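Participant: Please read through the structure below; I'll follow up with questions.
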Amino acid sequence: MNDLPKLLTQEQVDKFYQNGFILLDSFYDLKQDIEPIQYGIYKIIHILIDKYRLSINKLPFSPETFDFGYQQLISHNRSIGGEVYDAVKQIPAFMRLVASPLHESLVAQLRQTDMAGIAAGGYGIRIDNPFEEKYRAPWHQDYPAQFRSLDGLVFWSSLIPVTTELGPVEFCLGSHKDGLVPVYTKDPKNPEKSGAYSLILENEQDLITRYQRVAPLSKPGDLIIIDFLTLHASSFNKGKRSRWSMQMRYFNFHDTTGIKIGWKGSFASGRDIKEVHPELILD
Ligand SMILES: O=C(O)CCC(=O)C(=O)O
């Protein structure tokens, strides 16, 4: 039985089906949902400033400057960025947001299901640092990198105001309607990339020019819902600050592909795509 509240208007649902993503303005409660996560990140940055005995100024907490000191931390030693990345996804306030009933309601409404699942390993907080290519997401669909169910959804939400300079996510409008795209598992132009970041779509350049592309700007509290088949990519961050954003992925236990593959995960579960979907691999 699905008696969860319907959070979207029919117009929003239609827009999502049409475009393969939708931006919901001011969806989350800033004080209750977002600030505690920013505060957790602020505290972790401070613990690491102390750990490495760095003389970095500390500001009192504010949602606008929660990441103050992070740029200096990674310019001292880039590997501290990895410590922050692994730590922040374990902030309780983030896990509470991941498991928010709001997400279950959205999956129920958009996928007409009474059985939503949280994709294990499919949630985290991206930190897109200025002028870094290694972890920039190239054009991709989420399904090959995540699996679980073909009709999965990404809930994407920024922790800072995203400007064009900071490299917003770019989407190919309506691309989800054209189904799964086979991939190469190595990017010869960027040999430093690995895992999901090294997947390259078949005929990538031809493919993406077929669609109108948009890169919506968003702010803390906004939510972008992305279909697991929508082609999208991170733009390059040419700013002075890292772009902090949350990704929370859900799937549908009733999806026939999901049931067939036993709701298995992909890279985030340490699995090779070839084991589950050999037909998607070109090399
Ligand atoms: O935030 C980004 O730059 C990319 C996010 C993304 O590709 C995803 O959530 O699937």
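Residues in the structure tokens are numbered from 1 in each chain, the chains being A, B, ... in the order shown, and ligands are numbered from 1 in the order shown.
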Please identify the residues whose atoms come within 6 Å of ligand 1, using only C-alpha atoms and all ligand atoms, and report them as a CSV table (one decimal) with C-alpha atoms, in the first residue's frame.
Facilitator:
chain,number,residue,atom,x,y,z
A,137,ALA,CA,32.4,13.1,-13.5
A,142,ASP,CA,24.1,6.6,-13.1
A,169,VAL,CA,26.2,19.7,-13.3
A,233,ALA,CA,28.5,15.5,-16.4
A,234,SER,CA,30.2,17.7,-13.9
A,247,GLN,CA,24.3,12.7,-3.7
Participant: Would you give me, as CSV, each residue of segment 44-163 of chain A having an atom within 8 Å of an atom of segment 212-229 of chain A, along with its shortest atom pair and that distance in Å to one decimal, using only C-alpha atoms and sorting by chain and residue number?
Facilitator:
residue,atom,partner,partner_atom,distance
A:Gln141,CA,A:Leu229,CA,5.0
A:Asp142,CA,A:Phe228,CA,4.7
A:Tyr143,CA,A:Phe228,CA,5.1
A:Leu150,CA,A:Phe228,CA,6.7
A:Asp151,CA,A:Phe228,CA,6.1
A:Gly152,CA,A:Phe228,CA,5.1
A:Leu153,CA,A:Asp227,CA,5.0
A:Val154,CA,A:Ile226,CA,5.0
A:Phe155,CA,A:Ile225,CA,4.9
A:Trp156,CA,A:Ile224,CA,5.0
A:Ser157,CA,A:Leu223,CA,4.9
A:Ser158,CA,A:Pro220,CA,5.2
A:Leu159,CA,A:Pro220,CA,4.9
A:Ile160,CA,A:Pro220,CA,5.6
A:Pro161,CA,A:Lys219,CA,4.2
A:Val162,CA,A:Ser218,CA,5.5
A:Thr163,CA,A:Leu217,CA,6.1
Participant: Between A:Met246, A:Leu231, A:Leu24, A:Leu201, which one has atoms that come closest to Phe171 of chain A, using only C-alpha atoms?
Facilitator: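 For Phe171 of chain A, the nearest of the candidates is A:Leu231.
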Participant: Could you tell me how far atom CA of Leu173 of chain A sits from atom CA of Leu4 of chain A, in Å to one decimal place?
Facilitator: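 Between atom CA of Leu4 of chain A and atom CA of Leu173 of chain A the gap is 28.7 Å.
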Participant: Quick one: of A:Trp244, A:Ser175, A:Pro144, A:Arg210, who's nearest to Gly195 of chain A, counting only C-alpha atoms?
Facilitator: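 For Gly195 of chain A, the nearest of the given residues is A:Pro144.
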Participant: May I ask which of the residues A:Asp3, A:Asp50, A:Glu170, A:Asp128 is the closest one to His232 of chain A, counting only C-alpha atoms?
Facilitator: A:Glu170
Participant: So which bits of segment 47-202 of chain A end up strand (DSSP E) when you DSSP the backbone, as a list in words?
Facilitator: Ala116, Gly117, Ile118, Ala119, Ala120, Gly121, Gly122, Tyr123, Gly124, Ile125, Arg126, Ile127, Asp128, Leu153, Val154, Phe155, Trp156, Ser157, Ser158, Val169, Glu170, Phe171, Cys172, Val183, Tyr184, Ile200 and Leu201 of chain A
Participant: Please indicate the distance in Å from atom CA of Tyr197 of chain A to atom CA of Tyr39 of chain A, rounded to one decimal place.
Facilitator: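 Computing it gives 28.9 Å between the two atoms.
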Participant: Run DSSP on the backbone and tell me which residues of segment 33-89 of chain A come out as alpha helix (DSSP H); list them as a PyMOL selection string.
Facilitator: chain A and resi 35-51+70-76+79-88
